[in-house]
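Participant: Contents are mmCIF, C-alpha atoms; file name query.cif:
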data_input
loop_
_atom_site.label_atom_id
_atom_site.label_comp_id
_atom_site.auth_asym_id
_atom_site.auth_seq_id
_atom_site.Cartn_x
_atom_site.Cartn_y
_atom_site.Cartn_z
CA MET A 227 97.50 121.36 124.65
CA ALA A 228 94.76 119.03 123.45
CA LEU A 229 94.49 115.27 123.01
CA LEU A 230 94.22 113.99 119.44
CA PRO A 231 92.88 110.40 119.18
CA PHE A 232 94.65 108.06 116.74
CA ILE A 233 94.46 104.49 115.50
CA LYS A 234 97.51 102.35 114.70
CA MET A 235 96.81 99.93 111.81
CA HIS A 236 98.86 97.90 109.37
CA GLY A 237 98.57 96.00 106.11
CA ILE A 238 101.06 93.08 106.25
CA GLY A 239 103.43 95.12 108.40
CA ASN A 240 103.19 98.40 106.46
CA ASP A 241 102.00 100.41 109.47
CA TYR A 242 100.62 103.92 109.79
CA VAL A 243 99.09 106.17 112.41
CA TYR A 244 95.54 107.08 111.34
CA VAL A 245 93.51 110.10 112.41
CA ASP A 246 89.74 110.41 111.93
CA CYS A 247 89.29 113.81 110.29
CA PHE A 248 85.53 113.38 110.21
CA GLU A 249 85.78 114.48 113.87
CA HIS A 250 89.21 116.02 114.30
CA GLN A 251 91.46 118.47 112.46
CA VAL A 252 95.23 118.19 112.01
CA ALA A 253 96.78 121.63 111.66
CA ASP A 254 100.20 120.51 110.40
CA PRO A 255 100.15 116.94 109.00
CA PRO A 256 103.81 116.89 107.83
CA SER A 257 105.00 117.87 111.31
CA LEU A 258 102.73 115.32 112.98
CA ALA A 259 103.97 112.61 110.59
CA ARG A 260 107.58 113.33 111.55
CA ARG A 261 106.63 113.26 115.24
CA VAL A 262 104.65 110.01 115.34
CA SER A 263 106.77 107.90 112.97
CA PRO A 264 110.09 107.31 114.83
CA ARG A 265 110.26 103.76 116.19
CA HIS A 266 112.06 104.68 119.42
CA THR A 267 110.83 108.18 120.24
CA GLY A 268 107.39 108.26 118.60
CA ILE A 269 104.42 105.95 118.23
CA GLY A 270 106.32 104.10 115.51
CA SER A 271 105.04 103.94 111.95
CA ASP A 272 105.83 104.34 108.27
CA GLY A 273 103.93 107.63 108.32
CA LEU A 274 100.58 109.31 108.94
CA ILE A 275 97.27 108.81 107.14
CA LEU A 276 94.21 111.03 107.56
CA VAL A 277 90.72 109.56 107.01
CA ALA A 278 88.59 112.48 105.85
CA PRO A 279 85.27 113.34 104.20
CA SER A 280 85.14 113.54 100.41
CA THR A 281 82.89 115.45 98.02
CA VAL A 282 83.51 112.98 95.17
CA ALA A 283 83.81 109.57 96.90
CA ASP A 284 82.77 107.77 100.09
CA CYS A 285 85.81 109.08 101.99
CA ARG A 286 89.26 110.53 101.34
CA MET A 287 92.77 109.37 102.24
CA GLU A 288 95.64 111.81 102.82
CA MET A 289 99.02 110.12 103.22
CA TYR A 290 102.27 111.49 104.65
CA ASN A 291 105.54 109.57 104.72
CA ALA A 292 107.72 109.33 107.81
CA ASP A 293 109.76 112.35 106.69
CA GLY A 294 106.59 114.45 106.34
CA GLY A 295 106.50 114.30 102.55
CA ARG A 296 103.07 113.92 100.94
CA GLY A 297 102.51 110.59 99.19
CA GLU A 298 100.07 110.12 96.34
CA MET A 299 98.93 106.61 97.20
CA CYS A 300 99.53 103.69 99.57
CA GLY A 301 98.10 100.29 98.67
CA ASN A 302 98.42 98.82 102.16
CA GLY A 303 97.23 102.04 103.78
CA ILE A 304 94.08 102.34 101.70
CA ARG A 305 92.90 98.90 102.82
CA CYS A 306 93.15 100.09 106.42
CA VAL A 307 91.35 103.33 105.55
CA ALA A 308 88.50 101.27 104.12
CA LYS A 309 88.44 99.01 107.19
CA TYR A 310 88.21 101.95 109.56
CA ALA A 311 85.66 103.88 107.49
CA TYR A 312 83.40 100.84 107.17
CA GLU A 313 83.59 99.63 110.76
CA GLN A 314 83.17 103.11 112.26
CA GLY A 315 80.23 103.97 110.02
CA ARG A 316 82.02 106.73 108.15
CA ALA A 317 81.39 104.93 104.86
CA PRO A 318 79.29 101.80 105.54
CA VAL A 319 79.24 100.65 101.91
CA ASN A 320 80.75 97.72 100.04
CA PRO A 321 82.32 98.22 97.57
CA MET A 322 83.73 101.54 98.76
CA ARG A 323 85.21 104.40 96.75
CA VAL A 324 88.15 106.21 98.36
CA GLU A 325 89.56 109.48 97.04
CA THR A 326 93.37 109.67 96.94
CA ASP A 327 95.95 111.99 95.40
CA ALA A 328 96.26 109.32 92.68
CA GLY A 329 92.53 109.34 91.92
CA ILE A 330 89.51 107.46 93.23
CA LYS A 331 90.09 103.79 94.06
CA GLU A 332 87.31 101.20 94.41
CA ILE A 333 87.71 98.66 97.20
CA ARG A 334 85.83 95.41 97.74
CA LEU A 335 85.78 94.47 101.41
CA HIS A 336 86.11 90.89 102.65
CA LEU A 337 83.91 90.75 105.76
CA ASP A 338 83.71 88.38 108.70
CA GLY A 339 80.76 89.18 110.94
CA GLY A 340 80.89 92.88 110.09
CA ILE A 341 84.68 93.06 110.57
CA VAL A 342 86.90 93.82 107.57
CA ARG A 343 89.61 91.16 107.48
CA ALA A 344 90.97 91.89 104.00
CA ALA A 345 90.21 93.94 100.91
CA THR A 346 90.70 93.90 97.17
CA VAL A 347 91.71 97.26 95.72
CA ASP A 348 91.31 98.23 92.07
CA MET A 349 94.62 100.04 91.70
CA GLY A 350 93.88 101.21 88.15
CA GLU A 351 96.06 101.01 85.08
CA PRO A 352 99.86 101.07 85.41
CA ILE A 353 101.60 104.09 83.91
CA LEU A 354 104.57 103.16 81.74
CA ASP A 355 105.33 106.40 79.88
CA GLY A 356 108.64 107.76 81.18
CA PRO A 357 107.77 111.45 81.71
CA SER A 358 104.45 110.47 83.31
CA ILE A 359 106.04 108.18 85.94
CA PRO A 360 108.15 110.45 86.12
CA VAL A 361 111.66 109.48 85.03
CA ALA A 362 114.19 111.35 82.93
CA ALA A 363 113.54 109.33 79.79
CA GLU A 364 111.07 109.22 76.93
CA GLY A 365 108.88 106.20 76.25
CA ARG A 366 108.96 103.01 78.31
CA VAL A 367 111.83 102.10 80.62
CA ILE A 368 111.92 98.29 80.57
CA ASP A 369 115.07 96.29 81.42
CA THR A 370 117.18 99.41 80.90
CA ASP A 371 120.71 100.09 82.16
CA LEU A 372 120.98 102.61 85.02
CA GLU A 373 124.21 103.35 86.86
CA VAL A 374 123.64 103.79 90.58
CA GLY A 375 126.44 104.07 93.13
CA GLY A 376 129.06 102.95 90.65
CA ARG A 377 127.17 99.82 89.56
CA VAL A 378 124.96 99.26 86.51
CA TYR A 379 121.51 97.85 87.26
CA ARG A 380 118.82 96.70 84.83
CA VAL A 381 115.68 98.62 85.80
CA THR A 382 112.02 98.70 84.84
CA CYS A 383 109.99 101.76 85.82
CA VAL A 384 106.27 101.84 86.57
CA SER A 385 103.88 104.27 88.21
CA MET A 386 100.90 103.02 90.20
CA GLY A 387 99.97 106.61 91.04
CA ASN A 388 103.45 106.97 92.53
CA PRO A 389 106.84 106.22 90.94
CA HIS A 390 108.53 102.81 91.20
CA CYS A 391 111.81 101.39 89.98
CA VAL A 392 111.93 97.58 89.85
CA VAL A 393 115.23 95.70 89.86
CA PHE A 394 115.34 91.92 89.34
CA MET A 395 118.17 90.15 91.15
CA ASP A 396 119.29 86.58 91.87
CA GLU A 397 118.94 87.16 95.62
CA VAL A 398 117.57 89.97 97.80
CA ALA A 399 117.91 88.64 101.37
CA ASP A 400 121.46 89.88 101.91
CA LEU A 401 121.09 93.17 100.03
CA ASP A 402 122.34 96.25 101.93
CA LEU A 403 119.26 98.42 101.40
CA GLU A 404 120.42 101.07 103.87
CA THR A 405 123.28 101.83 101.51
CA ILE A 406 121.80 101.35 98.06
CA GLY A 407 118.21 102.45 98.77
CA PRO A 408 118.94 106.17 99.24
CA LYS A 409 121.12 106.20 96.12
CA PHE A 410 118.16 105.06 94.04
CA GLU A 411 115.70 107.33 95.85
CA HIS A 412 117.73 110.49 95.20
CA HIS A 413 119.14 109.57 91.78
CA PRO A 414 118.72 112.43 89.25
CA PHE A 415 116.96 109.97 86.89
CA PHE A 416 113.95 110.28 89.24
CA PRO A 417 112.84 113.94 89.45
CA LYS A 418 110.29 113.26 92.23
CA ARG A 419 112.43 110.60 93.93
CA VAL A 420 111.37 106.96 93.66
CA ASN A 421 110.31 103.82 95.51
CA THR A 422 112.65 100.97 94.63
CA GLU A 423 111.78 97.27 94.64
CA PHE A 424 114.48 94.59 94.57
CA VAL A 425 112.95 91.34 93.36
CA ARG A 426 113.79 87.65 93.19
CA VAL A 427 111.75 85.60 90.73
CA ASP A 428 110.74 82.34 92.44
CA GLY A 429 108.53 81.11 89.60
CA PRO A 430 105.84 82.21 87.16
CA THR A 431 103.35 82.86 89.99
CA SER A 432 105.69 83.74 92.88
CA LEU A 433 107.88 86.80 93.44
CA THR A 434 109.87 87.87 96.51
CA MET A 435 110.63 91.56 97.04
CA ARG A 436 112.19 94.05 99.40
CA VAL A 437 111.35 97.71 99.11
CA TRP A 438 112.99 101.05 99.84
CA GLU A 439 110.21 103.64 100.05
CA ARG A 440 110.96 107.29 99.39
CA GLY A 441 110.67 109.24 102.61
CA SER A 442 110.35 106.16 104.83
CA GLY A 443 113.29 103.82 104.09
CA GLU A 444 112.89 100.05 104.06
CA THR A 445 109.37 99.03 105.02
CA ALA A 446 107.84 95.64 105.72
CA ALA A 447 105.55 95.97 102.71
CA CYS A 448 104.46 98.28 99.91
CA GLY A 449 101.18 97.66 98.11
CA THR A 450 101.78 99.93 95.13
CA GLY A 451 105.27 98.44 94.95
CA ALA A 452 103.93 94.89 94.79
CA CYS A 453 101.65 95.97 91.93
CA ALA A 454 104.56 97.59 90.11
CA VAL A 455 106.62 94.43 90.63
CA LEU A 456 104.02 92.19 88.99
CA VAL A 457 103.64 94.58 86.05
CA ALA A 458 107.41 94.71 85.62
CA ALA A 459 107.68 90.92 85.91
CA VAL A 460 105.08 90.42 83.18
CA LEU A 461 106.75 92.98 80.91
CA ASN A 462 110.09 91.17 81.35
CA GLY A 463 108.63 87.71 80.78
CA HIS A 464 109.23 86.56 84.36
CA SER A 465 105.66 86.07 85.55
CA GLN A 466 102.10 85.24 84.66
CA ARG A 467 99.53 88.03 85.03
CA SER A 468 98.45 86.80 88.47
CA ALA A 469 100.96 86.00 91.21
CA THR A 470 101.71 86.00 94.92
CA VAL A 471 104.17 88.68 95.93
CA HIS A 472 106.06 87.82 99.11
CA LEU A 473 107.14 90.80 101.23
CA ASN A 474 108.86 90.96 104.61
CA GLY A 475 105.51 91.55 106.33
CA GLY A 476 103.45 88.97 104.46
CA ASP A 477 101.92 88.17 101.09
CA LEU A 478 99.81 90.09 98.59
CA GLN A 479 97.84 88.62 95.72
CA ILE A 480 98.29 90.76 92.60
CA GLU A 481 96.54 90.43 89.27
CA TRP A 482 97.10 92.51 86.12
CA ARG A 483 93.98 91.94 84.06
CA GLU A 484 94.56 91.72 80.35
CA ALA A 485 90.96 92.59 79.45
CA ASP A 486 91.00 96.12 80.90
CA ASP A 487 94.68 96.68 81.87
CA ARG A 488 93.75 97.23 85.54
CA VAL A 489 95.75 95.93 88.50
CA LEU A 490 93.98 94.32 91.47
CA MET A 491 95.61 93.91 94.88
CA THR A 492 94.25 91.72 97.69
CA GLY A 493 95.61 91.71 101.23
CA ALA A 494 94.85 91.93 104.93
CA ALA A 495 94.05 95.01 107.04
CA GLU A 496 94.49 94.94 110.81
CA GLU A 497 94.03 97.31 113.73
CA VAL A 498 96.84 97.28 116.31
CA PHE A 499 95.79 99.72 119.03
CA ARG A 500 94.23 103.09 119.76
CA GLY A 501 95.50 106.01 121.78
CA ALA A 502 95.78 109.78 121.95
CA ILE A 503 98.67 112.17 121.49
CA GLU A 504 99.08 115.71 122.81
CA VAL A 505 99.02 118.43 120.15
CA ALA A 506 98.84 122.20 120.26
CA ALA A 507 95.27 123.39 120.82
#
Can you turn what I pasted into structure tokens?

Facilitator:
Amino acid sequence: MALLPFIKMHGIGNDYVYVDCFEHQVADPPSLARRVSPRHTGIGSDGLILVAPSTVADCRMEMYNADGGRGEMCGNGIRCVAKYAYEQGRAPVNPMRVETDAGIKEIRLHLDGGIVRAATVDMGEPILDGPSIPVAAEGRVIDTDLEVGGRVYRVTCVSMGNPHCVVFMDEVADLDLETIGPKFEHHPFFPKRVNTEFVRVDGPTSLTMRVWERGSGETAACGTGACAVLVAAVLNGHSQRSATVHLNGGDLQIEWREADDRVLMTGAAEEVFRGAIEVAA
């Protein structure tokens, strides 16, 4: 057996175990993700993220959900990747370009004495074409009926590099996500499963959401989900193009720029602790 160092970090409660693959190799990331994620028998996280060298950007992010499934992108996770890469000298540049499975993302770091406290991520343009999200429909899916678990919901679908289904509701606090979340995630309308956001509109610049993430269940926050929520809110006439999205773990500032169609996300990044876990040599 050998000891593999790790770092526990979170972005407004969306927490991952991070491994520095500039120095260390992970032979079986899906298996390690399943091992470290359980809250009672593991380290406790929403999954595993590897910080690795890149041939096309300043560094690379590989993300695995709690069930071991590979994720294309994580908005809260990428802020923590940038924090670690900058502070550890892996990519001491600002702004920073991070390679992901959803393309290269540019990140502007908010520094305090050399420490990254927050970051603004250029999340790119939202994808609204049904087959590209993907969903089992042509064209845009905006305020469309979808029967899930015997009930008809009005849904709006957006990809921010990964698929999202946004549902606007009068109230989300008492929603039984453990029951309804998996029914959305595994619905045949979503061929690659889906992240589902349940949203209350508080005003033209304020939205409250809960999220069921594919492969991880309900999480305290989802950065790509918050971006999808703002896009969906604008498309449905609920919000201005810049708003605060309130999540269980904290707030994100999201802006969908009209000039270039790009979505910007600003939020905190925090280190929790460091340790080491035994793995096969």

Participant: As a PyMOL selection string, please: the residues near Arg440 in chain A (cut-off 9 Å, only C-alpha atoms, same-chain neighbours under 6 positions excluded).

Facilitator: chain A and resi 291+293+295+407-408+411-412+419-422

Participant: Only C-alpha atoms, please: the residues just picked out, written as a PDB file, in the frame of the given file.

Facilitator:
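The result, written out as part-v7.pdb:
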ATOM      1  CA  ASN A 291     105.540 109.570 104.720  1.00  0.00           C
ATOM      2  CA  ASP A 293     109.760 112.350 106.690  1.00  0.00           C
ATOM      3  CA  GLY A 295     106.500 114.300 102.550  1.00  0.00           C
ATOM      4  CA  GLY A 407     118.210 102.450  98.770  1.00  0.00           C
ATOM      5  CA  PRO A 408     118.940 106.170  99.240  1.00  0.00           C
ATOM      6  CA  GLU A 411     115.700 107.330  95.850  1.00  0.00           C
ATOM      7  CA  HIS A 412     117.730 110.490  95.200  1.00  0.00           C
ATOM      8  CA  ARG A 419     112.430 110.600  93.930  1.00  0.00           C
ATOM      9  CA  VAL A 420     111.370 106.960  93.660  1.00  0.00           C
ATOM     10  CA  ASN A 421     110.310 103.820  95.510  1.00  0.00           C
ATOM     11  CA  THR A 422     112.650 100.970  94.630  1.00  0.00           C
TER      12      THR A 422
END

Participant: To box range 324-335 of chain A, take all atoms listed in the file, fit an axis-aligned box, add 6 Å on each side, and give centre and edge lengths in Å to one decimal, as JSON.

Facilitator:
{"center_x": 91.0, "center_y": 103.2, "center_z": 96.7, "size_x": 22.5, "size_y": 29.5, "size_z": 21.5}

Participant: Measuring between only C-alpha atoms, which one of A:Phe410, A:Ala253, A:Tyr312, A:Ala399 shows the shortest distance to Val378 in chain A?

Facilitator: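 Among the listed residues, the smallest separation from Val378 in chain A belongs to A:Phe410.
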
Participant: Which residues of range 234-292 of chain A come within 6 Å of range 485-506 of chain A, and for each one, what is the closest pair of atoms and their distance in Å to one decimal, counting all atoms listed in the file, sorted by chain and residue number, as a tab-separated table?

Facilitator:
residue	atom	partner	partner_atom	distance
A:Lys234	CA	A:Phe499	CA	5.4
A:Met235	CA	A:Glu497	CA	4.3
A:His236	CA	A:Glu496	CA	5.5
A:Gly237	CA	A:Ala495	CA	4.7

Participant: Any idea what's packed within 12 Å of Ser442 in chain A, counting all atoms listed in the file, ignoring anything in its chain fewer than 4 positions away? Could you give it as a PyMOL selection string?

Facilitator: chain A and resi 240-242+259-260+263-265+270-274+290-297+404+407-408+411+419-422+437-438+446-448

Participant: Carefully work through the PyMOL selection byres ((chain A and resi 453) around 9) for this structure and note down the residues it includes, as a PyMOL selection string.

Facilitator: chain A and resi 301+349+352+386+448-452+454-458+471+480-482+489-491

Participant: Could you dump the residues just selected with C-alpha atoms as a CSV table (one decimal), keeping the file's coordinate frame?

Facilitator:
chain,number,residue,atom,x,y,z
A,301,GLY,CA,98.1,100.3,98.7
A,349,MET,CA,94.6,100.0,91.7
A,352,PRO,CA,99.9,101.1,85.4
A,386,MET,CA,100.9,103.0,90.2
A,448,CYS,CA,104.5,98.3,99.9
A,449,GLY,CA,101.2,97.7,98.1
A,450,THR,CA,101.8,99.9,95.1
A,451,GLY,CA,105.3,98.4,95.0
A,452,ALA,CA,103.9,94.9,94.8
A,454,ALA,CA,104.6,97.6,90.1
A,455,VAL,CA,106.6,94.4,90.6
A,456,LEU,CA,104.0,92.2,89.0
A,457,VAL,CA,103.6,94.6,86.0
A,458,ALA,CA,107.4,94.7,85.6
A,471,VAL,CA,104.2,88.7,95.9
A,480,ILE,CA,98.3,90.8,92.6
A,481,GLU,CA,96.5,90.4,89.3
A,482,TRP,CA,97.1,92.5,86.1
A,489,VAL,CA,95.8,95.9,88.5
A,490,LEU,CA,94.0,94.3,91.5
A,491,MET,CA,95.6,93.9,94.9

Participant: Select all residues near (114.3, 95.5, 82.7) (cut-off 12 Å, inclusive, file coordinates), counting all atoms listed in the file, and output them as an NGL selection string.

Facilitator: :A and (366-372 or 378-384 or 391-395 or 424-425 or 455 or 457-464)

Participant: Mind writing the picked residues with C-alpha atoms as a short mmCIF file (atom, residue, chain, number, x, y, z; two decimals), in the frame of the given file?

Facilitator:
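This went into part-v5.cif:
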data_model
loop_
_atom_site.label_atom_id
_atom_site.label_comp_id
_atom_site.auth_asym_id
_atom_site.auth_seq_id
_atom_site.Cartn_x
_atom_site.Cartn_y
_atom_site.Cartn_z
CA ARG A 366 108.96 103.01 78.31
CA VAL A 367 111.83 102.10 80.62
CA ILE A 368 111.92 98.29 80.57
CA ASP A 369 115.07 96.29 81.42
CA THR A 370 117.18 99.41 80.90
CA ASP A 371 120.71 100.09 82.16
CA LEU A 372 120.98 102.61 85.02
CA VAL A 378 124.96 99.26 86.51
CA TYR A 379 121.51 97.85 87.26
CA ARG A 380 118.82 96.70 84.83
CA VAL A 381 115.68 98.62 85.80
CA THR A 382 112.02 98.70 84.84
CA CYS A 383 109.99 101.76 85.82
CA VAL A 384 106.27 101.84 86.57
CA CYS A 391 111.81 101.39 89.98
CA VAL A 392 111.93 97.58 89.85
CA VAL A 393 115.23 95.70 89.86
CA PHE A 394 115.34 91.92 89.34
CA MET A 395 118.17 90.15 91.15
CA PHE A 424 114.48 94.59 94.57
CA VAL A 425 112.95 91.34 93.36
CA VAL A 455 106.62 94.43 90.63
CA VAL A 457 103.64 94.58 86.05
CA ALA A 458 107.41 94.71 85.62
CA ALA A 459 107.68 90.92 85.91
CA VAL A 460 105.08 90.42 83.18
CA LEU A 461 106.75 92.98 80.91
CA ASN A 462 110.09 91.17 81.35
CA GLY A 463 108.63 87.71 80.78
CA HIS A 464 109.23 86.56 84.36
#

Participant: Within 7 Å of (94.3, 108.2, 110.3) in the file's own coordinates, which protein, DNA or RNA residues have an atom, counting only C-alpha atoms? List them as a tab-separated table (two decimals) with C-alpha atoms, in the coordinates of the input.

Facilitator:
chain	number	residue	atom	x	y	z
A	232	PHE	CA	94.65	108.06	116.74
A	233	ILE	CA	94.46	104.49	115.50
A	243	VAL	CA	99.09	106.17	112.41
A	244	TYR	CA	95.54	107.08	111.34
A	245	VAL	CA	93.51	110.10	112.41
A	246	ASP	CA	89.74	110.41	111.93
A	274	LEU	CA	100.58	109.31	108.94
A	275	ILE	CA	97.27	108.81	107.14
A	276	LEU	CA	94.21	111.03	107.56
A	277	VAL	CA	90.72	109.56	107.01

Participant: Which residue gives the smallest distance to Glu313 in chain A among A:Gly268, A:Pro357, A:Gly339, A:Gly476, with only C-alpha atoms counted?

Facilitator: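 Among the listed residues, A:Gly339 lies closest to Glu313 in chain A.
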
Participant: So, with all atoms listed in the file as the atoms that count, which of A:Asn302, A:Gln251, A:Thr326, A:Gln314 lies closest to Leu473 in chain A?

Facilitator: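 So, comparing all the options, the nearest one is A:Asn302.
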
Participant: Find, counting only C-alpha atoms, the residue in A:Ala308, A:Leu403, A:Ala362, A:Met227 that gets nearest to Ile341 in chain A.

Facilitator: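 Among A:Ala308, A:Leu403, A:Ala362, A:Met227, it is A:Ala308 that comes nearest to Ile341 in chain A.
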
Participant: Considering only C-alpha atoms, state which residue in the set A:Val374, A:Leu229, A:Ala507, A:Val427 is at the smallest distance from Thr405 in chain A.

Facilitator: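 Using only C-alpha atoms, Thr405 in chain A sits closest to A:Val374.
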
Participant: Rank A:Ile333, A:Phe415, A:Cys300, A:Gln466 by their smallest atom-to-atom distance to Gly429 in chain A, using all atoms listed in the file, and report the top residue only.

Facilitator: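 Looking at the shortest contact to Gly429 in chain A, the residue is A:Gln466.
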
Participant: When the PyMOL selection byres ((chain A and resi 432) around 8) is applied to the file above, which residues end up in the set, as number ranges by chain?

Facilitator: A: 427-431, 433-434, 465, 469-472

Participant: Please report the interatomic distance between CA of Glu439 in chain A and CA of Pro414 in chain A in Å with one decimal.

Facilitator: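 For CA of Glu439 in chain A relative to CA of Pro414 in chain A, the distance reads 16.3 Å.
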
Participant: CA of Arg467 in chain A and CA of Pro389 in chain A are how many Å apart?

Facilitator: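 These two atoms are separated by 20.5 Å.
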